[in-house]
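Report on the following structure.
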Amino acid sequence: ITKMKFEQALKAMREGKRVKAPSLSPNCFYLINNHFFVYDGMAELPIYGIKDEYLLAEDWEVVDD
C-alpha cells in the first residue's frame, strides 16, 4: 500500500478511486461530480469542507473496491 499526501489522494479521487487516511478515519473519501463524499460503512454522506488535519495527513491510501 502506497502512502500519499492529500494532493496525490485528490488526484486519485479525480480518477474515480476511493481513498482514506487511516490515522484520521476508517471512512473512505471520494468525488462525485467534483463534490466530496464520505462512505462511513453504512451510507454515503456529502462533505462540505475538508479539515486541516486531512489536508496535512501523509498516510492517504487508495482503497481497493
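Chain labels follow the order of the C-alpha cells: the first chain is A, the next B, and so on; residue numbering restarts at 1 in every chain, and ligands are counted from 1 in their shown order.
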
Would you pick out the contacts of Leu24 in chain A at 9 Å or less, using only C-alpha atoms, so that residues sharing its chain but fewer than 3 positions from it are not included, and give the list as a list in words? Lys20, Ala21, Asn27, Glu53, Tyr54 and Ala57 of chain A

Quick one: residues within 10 Å of Gln8 in chain A, only C-alpha atoms counted, chain neighbours fewer than 4 positions away excluded, as number ranges by chain? A: 3-4, 12-14, 58, 60-62

Best match for closeness to Phe29 in chain A among A:Met42, A:Asp64, A:Lys5, A:Ile47, counting only C-alpha atoms: A:Ile47

Can you pull out every residue within 10 Å of Asp40 in chain A, counting only C-alpha atoms, but drop anything in the same chain fewer than 4 positions away, and send it as a PyMOL selection string? chain A and resi 25-29+44-45

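Backbone DSSP over range 6-63 of chain A gives alpha helix (DSSP H) for Phe6, Glu7, Gln8, Ala9, Leu10, Lys11, Ala12, Met13, Arg14, Asp52, Glu53, Tyr54, Leu55 and Leu56 of chain A.
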
Output N, CA and C atoms of each residue in that selection to a file, as a tab-separated table (two decimals), in the first residue's frame.
```tsv
chain	number	residue	atom	x	y	z
A	6	PHE	N	-2.24	14.55	0.63
A	6	PHE	CA	-3.60	14.85	0.17
A	6	PHE	C	-3.64	15.19	-1.31
A	7	GLU	N	-2.64	15.90	-1.80
A	7	GLU	CA	-2.62	16.29	-3.21
A	7	GLU	C	-2.68	15.05	-4.12
A	8	GLN	N	-1.92	14.02	-3.76
A	8	GLN	CA	-1.92	12.78	-4.53
A	8	GLN	C	-3.25	12.04	-4.36
A	9	ALA	N	-3.79	12.08	-3.15
A	9	ALA	CA	-5.08	11.43	-2.89
A	9	ALA	C	-6.19	12.11	-3.70
A	10	LEU	N	-6.14	13.43	-3.79
A	10	LEU	CA	-7.13	14.17	-4.57
A	10	LEU	C	-7.04	13.77	-6.04
A	11	LYS	N	-5.84	13.61	-6.54
A	11	LYS	CA	-5.66	13.17	-7.93
A	11	LYS	C	-6.28	11.79	-8.12
A	12	ALA	N	-6.07	10.90	-7.17
A	12	ALA	CA	-6.66	9.56	-7.25
A	12	ALA	C	-8.18	9.63	-7.23
A	13	MET	N	-8.74	10.52	-6.39
A	13	MET	CA	-10.19	10.68	-6.34
A	13	MET	C	-10.72	11.20	-7.67
A	14	ARG	N	-9.98	12.10	-8.30
A	14	ARG	CA	-10.39	12.63	-9.60
A	14	ARG	C	-10.37	11.54	-10.67
A	52	ASP	N	-8.26	20.77	8.19
A	52	ASP	CA	-6.82	20.92	8.01
A	52	ASP	C	-6.07	19.63	8.24
A	53	GLU	N	-6.48	18.85	9.24
A	53	GLU	CA	-5.75	17.62	9.53
A	53	GLU	C	-5.81	16.63	8.37
A	54	TYR	N	-6.88	16.68	7.60
A	54	TYR	CA	-6.96	15.83	6.41
A	54	TYR	C	-6.03	16.34	5.32
A	55	LEU	N	-5.95	17.65	5.17
A	55	LEU	CA	-5.06	18.23	4.16
A	55	LEU	C	-3.59	17.96	4.49
A	56	LEU	N	-3.27	17.89	5.77
A	56	LEU	CA	-1.88	17.71	6.19
A	56	LEU	C	-1.48	16.24	6.35
```
